[in-house]
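A.B. asks: Coordinates in data39.cif, mmCIF, C-alpha atoms, are listed below.
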data_structure
#
loop_
_atom_site.label_atom_id
_atom_site.label_comp_id
_atom_site.auth_asym_id
_atom_site.auth_seq_id
_atom_site.Cartn_x
_atom_site.Cartn_y
_atom_site.Cartn_z
CA MET A 204 26.97 -3.42 11.02
CA GLN A 205 23.67 -2.66 12.76
CA LEU A 206 20.51 -3.23 10.72
CA ASN A 207 16.85 -2.80 11.55
CA VAL A 208 14.83 -5.64 9.99
CA LYS A 209 11.04 -5.65 9.64
CA PHE A 210 8.59 -8.38 8.62
CA PHE A 211 4.98 -7.76 7.62
CA ALA A 212 1.69 -9.63 7.28
CA SER A 213 1.88 -13.38 6.60
CA LEU A 214 5.70 -13.27 6.57
CA SER A 215 5.69 -11.90 10.10
CA GLU A 216 3.50 -14.83 11.18
CA GLN A 217 5.59 -17.42 9.33
CA THR A 218 8.90 -16.20 10.75
CA GLY A 219 7.59 -15.28 14.18
CA LEU A 220 9.40 -11.95 13.73
CA LYS A 221 8.04 -8.43 13.51
CA GLU A 222 10.97 -6.08 14.03
CA VAL A 223 14.51 -7.02 15.03
CA THR A 224 17.87 -5.30 15.14
CA ILE A 225 20.72 -7.51 14.04
CA ASP A 226 24.46 -7.14 14.14
CA ALA A 227 25.18 -8.26 10.62
CA VAL A 228 28.88 -9.01 10.68
CA LYS A 229 28.96 -11.02 7.47
CA ALA A 230 25.82 -9.75 5.73
CA ALA A 231 26.46 -8.13 2.35
CA THR A 232 23.10 -8.48 0.65
CA VAL A 233 19.40 -8.42 1.47
CA MET A 234 19.35 -12.23 1.20
CA ASP A 235 22.13 -12.48 3.78
CA VAL A 236 20.02 -10.38 6.14
CA TRP A 237 17.05 -12.72 5.64
CA ASN A 238 19.21 -15.76 6.37
CA GLN A 239 20.69 -14.27 9.52
CA ALA A 240 17.44 -12.86 10.90
CA THR A 241 15.45 -16.05 10.27
CA THR A 242 18.34 -18.46 10.99
CA ASN A 243 18.27 -19.75 7.43
CA MET A 244 14.55 -20.32 7.04
CA PRO A 245 13.77 -20.79 3.30
CA MET A 246 12.48 -17.54 1.84
CA PRO A 247 8.91 -18.06 0.59
CA GLU A 248 8.34 -17.64 -3.13
CA ASN A 249 7.13 -14.15 -4.11
CA THR A 250 8.67 -12.51 -1.04
CA LEU A 251 9.17 -8.78 -1.63
CA CYS A 252 12.09 -6.85 -0.14
CA ALA A 253 12.79 -3.19 0.62
CA ILE A 254 15.86 -1.22 1.65
CA ASN A 255 15.07 2.03 3.45
CA MET A 256 11.47 1.85 2.26
CA ALA A 257 12.30 1.43 -1.45
CA TYR A 258 11.76 -1.85 -3.29
CA ALA A 259 14.94 -3.90 -3.58
CA ARG A 260 16.09 -7.31 -4.81
CA PRO A 261 17.51 -10.12 -2.67
CA ASP A 262 20.98 -9.65 -4.20
CA ASP A 263 21.10 -5.88 -3.57
CA SER A 264 23.87 -4.64 -1.28
CA ILE A 265 23.19 -3.25 2.18
CA ASN A 266 24.88 -0.61 4.31
CA ASP A 267 25.26 0.06 8.02
CA GLY A 268 22.10 1.54 9.49
CA ASP A 269 19.80 0.38 6.70
CA GLU A 270 16.22 -0.64 7.38
CA ILE A 271 15.48 -3.90 5.58
CA ALA A 272 11.90 -5.13 5.16
CA PHE A 273 10.37 -8.38 3.96
CA PHE A 274 6.73 -8.82 3.02
CA PRO A 275 4.36 -10.86 0.83
CA PRO A 276 2.72 -9.60 -2.39
CA VAL A 277 0.62 -6.52 -1.66
CA THR A 278 -3.19 -6.48 -1.60
CA GLY A 279 -4.24 -2.87 -1.05
CA GLY A 280 -6.92 -0.82 -2.74
CA MET B 228 -1.64 16.94 -4.18
CA THR B 229 -2.47 14.95 -1.10
CA ALA B 230 -2.05 11.35 0.01
CA VAL B 231 -3.58 10.45 3.35
CA LEU B 232 -3.67 7.24 5.42
CA ARG B 233 -6.69 6.92 7.73
CA ASN B 234 -7.42 4.45 10.53
CA GLU B 235 -11.08 5.40 10.75
CA PRO B 236 -14.01 5.51 8.28
CA PHE B 237 -14.17 8.41 5.84
CA ASP B 238 -16.80 9.76 3.45
CA PRO B 239 -15.25 9.91 -0.05
CA TRP B 240 -18.01 12.16 -1.40
CA HIS B 241 -17.45 14.68 1.37
CA GLU B 242 -13.68 14.55 0.74
CA LEU B 243 -14.21 15.19 -2.99
CA ALA B 244 -16.53 18.11 -2.26
CA ARG B 245 -14.03 19.56 0.22
CA VAL B 246 -11.21 19.51 -2.34
CA GLU B 247 -13.50 20.81 -5.09
CA ALA B 248 -14.44 23.77 -2.89
CA SER B 249 -10.77 24.54 -2.19
CA LEU B 250 -9.70 24.75 -5.86
CA ASP B 251 -9.77 27.93 -7.93
CA LYS B 252 -13.09 28.21 -9.73
CA GLY B 253 -12.97 27.81 -13.50
CA LYS B 254 -9.40 26.49 -13.57
CA HIS B 255 -10.30 22.88 -14.16
CA GLY B 256 -12.96 21.21 -16.27
CA ALA B 257 -12.88 17.63 -15.10
CA CYS B 258 -12.65 15.50 -12.00
CA ALA B 259 -12.37 11.71 -12.22
CA SER B 260 -12.55 9.60 -9.11
CA PHE B 261 -12.45 5.98 -8.02
CA VAL B 262 -13.87 4.67 -4.74
CA GLY B 263 -13.06 1.15 -3.60
CA THR B 264 -15.47 -0.24 -1.01
CA MET B 265 -15.25 -3.37 1.11
CA ARG B 266 -17.41 -6.28 -0.09
CA ASP B 267 -19.15 -8.68 2.27
CA PHE B 268 -18.18 -11.63 0.06
CA ASN B 269 -14.98 -13.02 -1.42
CA LEU B 270 -14.05 -16.39 -2.93
CA GLY B 271 -17.51 -17.74 -2.18
CA ASP B 272 -17.45 -16.86 1.53
CA ASP B 273 -19.21 -14.24 3.63
CA ILE B 274 -16.71 -11.74 4.95
CA HIS B 275 -17.50 -10.28 8.37
CA SER B 276 -14.66 -7.77 8.61
CA MET B 277 -11.18 -7.10 7.37
CA SER B 278 -7.93 -5.94 8.91
CA LEU B 279 -5.68 -3.88 6.67
CA GLU B 280 -2.01 -3.88 7.65
CA HIS B 281 0.52 -1.51 6.10
CA TYR B 282 4.16 -0.42 6.35
CA PRO B 283 3.44 3.13 7.52
CA GLU B 284 6.51 5.08 6.38
CA MET B 285 6.97 3.20 3.12
CA THR B 286 3.26 3.33 2.29
CA GLN B 287 3.10 7.10 2.81
CA ARG B 288 6.25 7.57 0.76
CA PHE B 289 4.88 5.35 -2.03
CA LEU B 290 1.54 7.19 -2.22
CA ASP B 291 3.30 10.59 -2.22
CA ASN B 292 5.53 9.34 -5.00
CA ILE B 293 2.73 8.18 -7.31
CA CYS B 294 0.95 11.52 -6.77
CA ASP B 295 4.17 13.28 -7.80
CA GLN B 296 4.43 11.05 -10.87
CA ALA B 297 0.83 11.80 -11.86
CA LEU B 298 1.42 15.55 -11.56
CA GLN B 299 4.52 15.29 -13.75
CA ARG B 300 2.86 13.10 -16.36
CA TRP B 301 -0.46 14.91 -16.78
CA GLN B 302 -1.60 18.53 -16.53
CA LEU B 303 -3.49 18.28 -13.25
CA SER B 304 -4.92 20.91 -10.94
CA HIS B 305 -4.85 18.47 -8.04
CA CYS B 306 -4.79 14.80 -7.16
CA LEU B 307 -5.91 12.99 -4.04
CA ILE B 308 -5.47 9.57 -2.46
CA ILE B 309 -7.10 8.50 0.79
CA HIS B 310 -6.56 4.92 1.97
CA ARG B 311 -7.78 3.14 5.09
CA PHE B 312 -5.82 0.89 7.39
CA GLY B 313 -6.83 -1.01 10.53
CA GLU B 314 -10.21 -2.67 11.06
CA ILE B 315 -12.74 -2.23 8.24
CA LYS B 316 -16.39 -3.32 8.00
CA PRO B 317 -18.29 -4.32 4.82
CA GLY B 318 -19.67 -1.29 3.01
CA GLU B 319 -16.96 1.06 4.26
CA PRO B 320 -14.78 2.81 1.68
CA ILE B 321 -11.22 1.49 1.57
CA VAL B 322 -9.67 3.81 -0.98
CA LEU B 323 -10.36 7.02 -2.89
CA THR B 324 -8.26 8.22 -5.81
CA ALA B 325 -9.13 11.37 -7.70
CA ALA B 326 -7.62 13.70 -10.26
CA TRP B 327 -8.68 17.19 -11.38
CA SER B 328 -7.62 18.53 -14.77
CA GLY B 329 -8.62 20.79 -17.63
CA HIS B 330 -10.14 17.96 -19.65
CA ARG B 331 -11.59 14.52 -18.99
CA ALA B 332 -8.96 12.41 -20.76
CA GLU B 333 -6.18 13.49 -18.41
CA ALA B 334 -8.39 13.20 -15.35
CA PHE B 335 -9.45 9.65 -16.27
CA GLU B 336 -5.91 8.54 -17.12
CA ALA B 337 -4.37 10.02 -13.97
CA CYS B 338 -7.08 8.60 -11.72
CA ARG B 339 -6.62 5.14 -13.23
CA PHE B 340 -2.85 5.39 -12.92
CA LEU B 341 -3.15 6.20 -9.21
CA ILE B 342 -5.38 3.25 -8.36
CA GLU B 343 -3.55 0.74 -10.56
CA GLU B 344 -0.12 1.70 -9.20
CA LEU B 345 -1.46 1.61 -5.66
CA LYS B 346 -2.98 -1.85 -6.11
CA ALA B 347 0.14 -3.22 -7.79
CA ARG B 348 2.82 -1.96 -5.41
CA ALA B 349 1.64 0.00 -2.34
CA PRO B 350 2.54 -2.00 0.79
CA PHE B 351 -0.86 -2.93 2.21
CA TRP B 352 -2.05 -6.43 3.19
CA LYS B 353 -5.65 -7.51 3.73
CA LYS B 354 -6.69 -10.11 6.29
CA GLU B 355 -10.32 -11.21 6.11
CA THR B 356 -12.49 -12.58 8.90
CA THR B 357 -14.95 -15.26 7.77
CA ALA B 358 -17.31 -17.51 9.75
CA THR B 359 -14.50 -20.02 10.14
CA GLY B 360 -11.61 -17.72 11.02
CA LYS B 361 -9.11 -15.27 9.60
CA ARG B 362 -7.18 -15.55 6.34
CA TRP B 363 -4.75 -13.42 4.37
CA VAL B 364 -5.86 -12.23 0.95
CA HIS B 365 -3.26 -13.43 -1.53
CA ASP B 366 -4.27 -11.86 -4.80
CA SER B 367 -5.26 -8.30 -5.66
CA ALA B 368 -5.10 -8.89 -9.40
CA ASP B 369 -8.89 -8.76 -9.79
CA LYS B 370 -10.05 -5.82 -11.84
#
Would you encode the structure as C-alpha coordinates?
C.D. replies:
Amino acid sequence: MQLNVKFFASLSEQTGLKEVTIDAVKAATVMDVWNQATTNMPMPENTLCAINMAYARPDDSINDGDEIAFFPPVTGG
Amino acid sequence: MTAVLRNEPFDPWHELARVEASLDKGKHGACASFVGTMRDFNLGDDIHSMSLEHYPEMTQRFLDNICDQALQRWQLSHCLIIHRFGEIKPGEPIVLTAAWSGHRAEAFEACRFLIEELKARAPFWKKETTATGKRWVHDSADK
(Lines of atoms letter the chains of each structure in order from A and count residues from 1; the text may use other names and numbers.)
(Lines give C-alpha, C1' and ligand atoms only; values in the text may rest on other atoms or scores of the structure.)
Protein backbone atom coordinates (compact mmCIF):
# COMPACT_ATOMS: atom_id res chain seq x y z
CA MET A 1 0.00 0.00 0.00
CA GLN A 2 1.57 3.27 -1.17
CA LEU A 3 1.00 6.32 1.02
CA ASN A 4 2.15 9.90 0.73
CA VAL A 5 3.06 11.25 4.18
CA LYS A 6 3.59 14.94 4.99
CA PHE A 7 4.94 16.70 8.07
CA PHE A 8 4.55 20.41 8.77
CA ALA A 9 6.09 23.15 10.91
CA SER A 10 7.77 22.08 14.17
CA LEU A 11 6.88 18.42 13.52
CA SER A 12 8.81 18.53 10.26
CA GLU A 13 11.84 19.85 12.14
CA GLN A 14 11.53 17.31 14.96
CA THR A 15 11.21 14.31 12.64
CA GLY A 16 13.58 15.57 9.97
CA LEU A 17 10.87 14.68 7.44
CA LYS A 18 8.87 16.88 5.11
CA GLU A 19 7.25 14.60 2.55
CA VAL A 20 7.85 10.88 2.10
CA THR A 21 6.20 8.06 0.21
CA ILE A 22 6.08 4.82 2.16
CA ASP A 23 5.16 1.29 1.24
CA ALA A 24 2.96 0.56 4.21
CA VAL A 25 2.69 -3.21 4.18
CA LYS A 26 1.39 -3.57 7.72
CA ALA A 27 -0.06 -0.10 8.33
CA ALA A 28 -3.77 -0.08 9.13
CA THR A 29 -4.18 3.20 10.98
CA VAL A 30 -2.81 6.73 10.98
CA MET A 31 -0.73 5.85 14.06
CA ASP A 32 0.83 2.92 12.20
CA VAL A 33 1.84 5.32 9.43
CA TRP A 34 3.48 7.65 11.97
CA ASN A 35 5.41 4.76 13.50
CA GLN A 36 6.65 3.48 10.16
CA ALA A 37 7.55 6.88 8.70
CA THR A 38 9.39 8.05 11.84
CA THR A 39 10.78 4.62 12.78
CA ASN A 40 8.81 4.61 16.01
CA MET A 41 9.63 8.08 17.26
CA PRO A 42 7.18 8.97 20.09
CA MET A 43 4.38 11.13 18.73
CA PRO A 44 4.46 14.53 20.46
CA GLU A 45 1.46 15.44 22.56
CA ASN A 46 -1.15 17.54 20.71
CA THR A 47 -0.07 16.25 17.29
CA LEU A 48 -2.86 16.73 14.75
CA CYS A 49 -3.48 14.29 11.90
CA ALA A 50 -5.23 14.47 8.53
CA ILE A 51 -6.25 11.92 5.92
CA ASN A 52 -6.63 13.37 2.43
CA MET A 53 -6.70 16.89 3.86
CA ALA A 54 -9.49 16.23 6.39
CA TYR A 55 -8.84 16.07 10.13
CA ALA A 56 -8.49 12.51 11.39
CA ARG A 57 -7.64 10.62 14.59
CA PRO A 58 -4.60 8.41 15.17
CA ASP A 59 -6.79 5.28 15.24
CA ASP A 60 -8.59 6.05 11.96
CA SER A 61 -8.13 3.53 9.16
CA ILE A 62 -6.14 4.30 6.02
CA ASN A 63 -6.44 3.18 2.41
CA ASP A 64 -4.05 2.72 -0.50
CA GLY A 65 -3.14 6.04 -2.07
CA ASP A 66 -4.12 8.17 0.92
CA GLU A 67 -2.24 11.33 1.81
CA ILE A 68 -1.53 11.36 5.54
CA ALA A 69 -0.37 14.54 7.27
CA PHE A 70 0.97 15.29 10.74
CA PHE A 71 1.26 18.76 12.22
CA PRO A 72 1.29 20.70 15.51
CA PRO A 73 -1.62 22.82 16.82
CA VAL A 74 -2.46 25.56 14.34
CA THR A 75 -1.64 29.25 14.85
CA GLY A 76 -3.16 31.12 11.91
CA GLY A 77 -5.14 34.33 11.82
CA MET B 1 -17.99 33.73 -1.58
CA THR B 2 -14.24 33.83 -1.89
CA ALA B 3 -11.32 32.46 0.09
CA VAL B 4 -7.88 33.48 -1.10
CA LEU B 5 -4.34 32.64 0.05
CA ARG B 6 -1.73 35.31 -0.71
CA ASN B 7 2.07 35.22 -0.48
CA GLU B 8 2.43 38.98 -0.78
CA PRO B 9 1.07 42.00 1.12
CA PHE B 10 -2.53 43.04 0.49
CA ASP B 11 -4.63 46.09 1.36
CA PRO B 12 -7.75 44.86 3.21
CA TRP B 13 -9.57 48.18 2.77
CA HIS B 14 -9.05 48.07 -0.98
CA GLU B 15 -10.25 44.45 -1.05
CA LEU B 16 -13.40 45.37 0.89
CA ALA B 17 -14.11 48.29 -1.44
CA ARG B 18 -13.58 46.06 -4.49
CA VAL B 19 -16.12 43.49 -3.26
CA GLU B 20 -18.54 46.22 -2.17
CA ALA B 21 -18.42 47.71 -5.67
CA SER B 22 -19.11 44.31 -7.25
CA LEU B 23 -22.29 43.58 -5.26
CA ASP B 24 -25.78 44.57 -6.36
CA LYS B 25 -26.65 47.97 -4.94
CA GLY B 26 -29.35 48.02 -2.28
CA LYS B 27 -29.36 44.24 -1.77
CA HIS B 28 -27.46 44.26 1.49
CA GLY B 29 -27.54 46.56 4.49
CA ALA B 30 -24.51 45.51 6.47
CA CYS B 31 -20.88 44.54 6.10
CA ALA B 32 -18.85 43.35 9.08
CA SER B 33 -15.13 42.79 8.76
CA PHE B 34 -12.14 41.72 10.81
CA VAL B 35 -8.53 42.54 9.96
CA GLY B 36 -5.70 40.81 11.80
CA THR B 37 -2.37 42.62 11.58
CA MET B 38 1.10 41.49 12.59
CA ARG B 39 2.36 42.93 15.90
CA ASP B 40 5.99 43.86 16.50
CA PHE B 41 5.84 42.34 19.99
CA ASN B 42 4.86 39.01 21.50
CA LEU B 43 5.52 37.37 24.88
CA GLY B 44 7.63 40.32 25.96
CA ASP B 45 9.96 40.24 22.93
CA ASP B 46 10.38 42.45 19.89
CA ILE B 47 9.38 40.56 16.77
CA HIS B 48 11.32 41.46 13.62
CA SER B 49 9.41 39.32 11.13
CA MET B 50 7.32 36.21 10.87
CA SER B 51 7.14 33.24 8.53
CA LEU B 52 3.71 31.74 8.03
CA GLU B 53 3.70 28.12 6.86
CA HIS B 54 0.56 26.37 5.65
CA TYR B 55 -0.66 23.10 4.11
CA PRO B 56 -1.73 24.60 0.79
CA GLU B 57 -4.41 22.20 -0.45
CA MET B 58 -5.91 21.51 2.97
CA THR B 59 -5.85 25.18 3.95
CA GLN B 60 -7.68 26.24 0.78
CA ARG B 61 -10.20 23.45 1.24
CA PHE B 62 -10.74 24.41 4.89
CA LEU B 63 -11.30 28.10 4.12
CA ASP B 64 -13.70 27.26 1.26
CA ASN B 65 -15.57 24.97 3.63
CA ILE B 66 -16.07 27.55 6.39
CA CYS B 67 -17.29 30.07 3.78
CA ASP B 68 -19.81 27.46 2.60
CA GLN B 69 -20.90 26.86 6.20
CA ALA B 70 -21.37 30.60 6.79
CA LEU B 71 -23.50 30.93 3.66
CA GLN B 72 -25.69 28.03 4.77
CA ARG B 73 -26.04 29.26 8.33
CA TRP B 74 -26.76 32.95 7.72
CA GLN B 75 -28.50 34.93 4.97
CA LEU B 76 -25.43 36.47 3.38
CA SER B 77 -24.91 38.35 0.14
CA HIS B 78 -21.23 37.48 0.16
CA CYS B 79 -18.36 36.45 2.40
CA LEU B 80 -14.63 36.87 1.97
CA ILE B 81 -11.45 35.49 3.52
CA ILE B 82 -7.96 36.58 2.53
CA HIS B 83 -5.01 35.09 4.43
CA ARG B 84 -1.28 35.62 4.00
CA PHE B 85 1.44 33.01 3.97
CA GLY B 86 5.22 33.30 3.58
CA GLU B 87 7.33 36.11 5.03
CA ILE B 88 5.41 38.86 6.86
CA LYS B 89 6.63 42.14 8.39
CA PRO B 90 5.17 43.94 11.44
CA GLY B 91 2.24 46.15 10.48
CA GLU B 92 1.23 44.03 7.50
CA PRO B 93 -2.26 42.53 7.46
CA ILE B 94 -2.30 38.76 8.00
CA VAL B 95 -5.98 38.02 7.60
CA LEU B 96 -9.24 39.61 6.47
CA THR B 97 -12.65 38.08 7.08
CA ALA B 98 -15.82 39.83 6.00
CA ALA B 99 -19.51 39.12 5.61
CA TRP B 100 -22.24 41.09 3.82
CA SER B 101 -25.89 40.63 4.78
CA GLY B 102 -29.24 42.35 5.02
CA HIS B 103 -28.80 43.25 8.67
CA ARG B 104 -25.92 43.76 11.09
CA ALA B 105 -26.58 40.81 13.42
CA GLU B 106 -25.99 38.23 10.70
CA ALA B 107 -22.98 40.09 9.32
CA PHE B 108 -21.35 40.30 12.77
CA GLU B 109 -22.07 36.66 13.61
CA ALA B 110 -20.85 35.32 10.27
CA CYS B 111 -17.69 37.44 10.34
CA ARG B 112 -16.88 36.24 13.85
CA PHE B 113 -17.59 32.63 12.90
CA LEU B 114 -15.14 32.87 9.99
CA ILE B 115 -12.24 34.24 12.04
CA GLU B 116 -12.83 32.00 15.06
CA GLU B 117 -13.07 28.82 12.95
CA LEU B 118 -9.99 29.86 10.99
CA LYS B 119 -7.95 30.50 14.13
CA ALA B 120 -9.08 27.26 15.77
CA ARG B 121 -8.55 24.82 12.90
CA ALA B 122 -7.11 26.24 9.66
CA PRO B 123 -3.68 24.65 9.06
CA PHE B 124 -1.31 27.62 9.39
CA TRP B 125 1.79 27.83 11.62
CA LYS B 126 3.60 31.01 12.65
CA LYS B 127 7.35 31.19 13.17
CA GLU B 128 8.64 34.44 14.67
CA THR B 129 12.07 36.00 14.28
CA THR B 130 13.31 37.79 17.41
CA ALA B 131 16.67 39.39 18.23
CA THR B 132 17.89 36.01 19.47
CA GLY B 133 16.60 33.73 16.73
CA LYS B 134 13.51 32.02 15.37
CA ARG B 135 10.76 30.31 17.36
CA TRP B 136 7.45 28.62 16.60
CA VAL B 137 4.33 30.23 18.02
CA HIS B 138 2.59 27.58 20.11
CA ASP B 139 -0.68 29.17 21.13
CA SER B 140 -3.27 31.07 19.11
CA ALA B 141 -5.84 31.03 21.89
CA ASP B 142 -5.43 34.74 22.61
CA LYS B 143 -8.53 36.73 21.84
A.B. asks: Hey, what's within 7 Å of segment 303-312 of chain B if we count all atoms listed in the file and toss same-chain stuff fewer than 2 positions away? As a ChimeraX atom specification, please?
C.D. replies: /B:228-235,255,279-281,294,298,301,314,321-328
A.B. asks: Residues around (-6.7, 6.4, -10.3), cut-off 7 Å, counting all atoms listed in the file - what are they as a PyMOL selection string?
C.D. replies: chain B and resi 260-261+324-325+337-343
A.B. asks: Run the PyMOL selection byres ((chain B and resi 264) around 8) on the file and write out the hits as a PyMOL selection string.
C.D. replies: chain B and resi 262-263+265-266+317-322
A.B. asks: Could you state which residues are captured by the PyMOL selection byres ((chain A) within 8 of (chain B)) in this file, as a VMD selection string?
C.D. replies: chain A and resid 211 to 213 256 to 257 276 to 280
A.B. asks: In Å, how far is it from atom CA of Glu247 of chain B to atom CA of Asp295 of chain B?
C.D. replies: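 Taking atom CA of Glu247 of chain B as the start and atom CA of Asp295 of chain B as the end point, the length is 19.4 Å.
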A.B. asks: Mind telling me what the PyMOL selection byres ((chain A and resi 247-250) around 9) catches here, as a list in words?
C.D. replies: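 Expected selection for the PyMOL selection byres ((chain A and resi 247-250) around 9) here is Leu214, Met244, Pro245, Met246, Leu251, Cys252, Phe273, Phe274, Pro275 and Pro276 of chain A.
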A.B. asks: Please provide the set of residues having any atom within 9 Å of Asn255 of chain A, restricted to all atoms listed in the file, with same-chain residues fewer than 2 positions apart removed, written as a list in words.
C.D. replies: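 Listing them by chain and then by number gives Ala253, Ala257, Tyr258, Asp269, Glu270, Ile271 and Ala272 of chain A; Met285 of chain B.
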A.B. asks: For the residues selected in the previous step, produce a file with C-alpha atoms as an mmCIF file, keeping the file's coordinate frame.
C.D. replies:
data_model
loop_
_atom_site.group_PDB
_atom_site.id
_atom_site.type_symbol
_atom_site.label_atom_id
_atom_site.label_comp_id
_atom_site.auth_asym_id
_atom_site.auth_seq_id
_atom_site.Cartn_x
_atom_site.Cartn_y
_atom_site.Cartn_z
ATOM 1 C CA ALA A 253 12.790 -3.190 0.620
ATOM 2 C CA ALA A 257 12.300 1.430 -1.450
ATOM 3 C CA TYR A 258 11.760 -1.850 -3.290
ATOM 4 C CA ASP A 269 19.800 0.380 6.700
ATOM 5 C CA GLU A 270 16.220 -0.640 7.380
ATOM 6 C CA ILE A 271 15.480 -3.900 5.580
ATOM 7 C CA ALA A 272 11.900 -5.130 5.160
ATOM 8 C CA MET B 285 6.970 3.200 3.120
#
A.B. asks: Choose the residue, out of A:Gln239, A:Val208, A:Ala259, A:Ile265, that has the smallest atom-to-atom separation from Leu220 of chain A; count all atoms listed in the file.
C.D. replies: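 Under the stated criterion, the closest residue is A:Val208.
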A.B. asks: Atom CA of Asn292 of chain B and atom CA of Ala334 of chain B are how many Å apart?
C.D. replies: 17.8 Å
A.B. asks: Quote the spacing between atom CA of Gly271 of chain B and atom CA of Gly313 of chain B in Å to one decimal place.
C.D. replies: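 Atom-to-atom, atom CA of Gly271 of chain B and atom CA of Gly313 of chain B are spaced 23.6 Å apart.
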A.B. asks: Using only C-alpha atoms, find the one residue out of B:Leu243, B:Ala259, B:Ala248, B:Met277 that sits nearest to Gly360 of chain B.
C.D. replies: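 With only C-alpha atoms as the atom set, the closest residue is B:Met277.
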A.B. asks: Using all atoms listed in the file for the distances, tell me which of A:Gly268, A:Gln205, A:Ile254, A:Phe210 is nearest to Val233 of chain A.
C.D. replies: A:Ile254
A.B. asks: With all atoms listed in the file as the basis for distance, which of B:Leu290, B:Arg245, B:Cys258, B:Ser278 is at the shortest distance from Glu333 of chain B?
C.D. replies: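 Going through B:Leu290, B:Arg245, B:Cys258, B:Ser278 one by one, the smallest distance to Glu333 of chain B is for B:Cys258.
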A.B. asks: Need the shell around Asn243 of chain A: protein/DNA/RNA residues with any atom at most 12 Å away, counting only C-alpha atoms. Skip same-chain ones fewer than 6 positions apart. Format as a PDB file with C-alpha atoms, in the frame of the given file?
C.D. replies:
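Saved as part_22.pdb:
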ATOM      1  CA  THR A 218       8.900 -16.200  10.750  1.00  0.00           C
ATOM      2  CA  MET A 234      19.350 -12.230   1.200  1.00  0.00           C
ATOM      3  CA  ASP A 235      22.130 -12.480   3.780  1.00  0.00           C
ATOM      4  CA  VAL A 236      20.020 -10.380   6.140  1.00  0.00           C
ATOM      5  CA  TRP A 237      17.050 -12.720   5.640  1.00  0.00           C
TER       6      TRP A 237
END
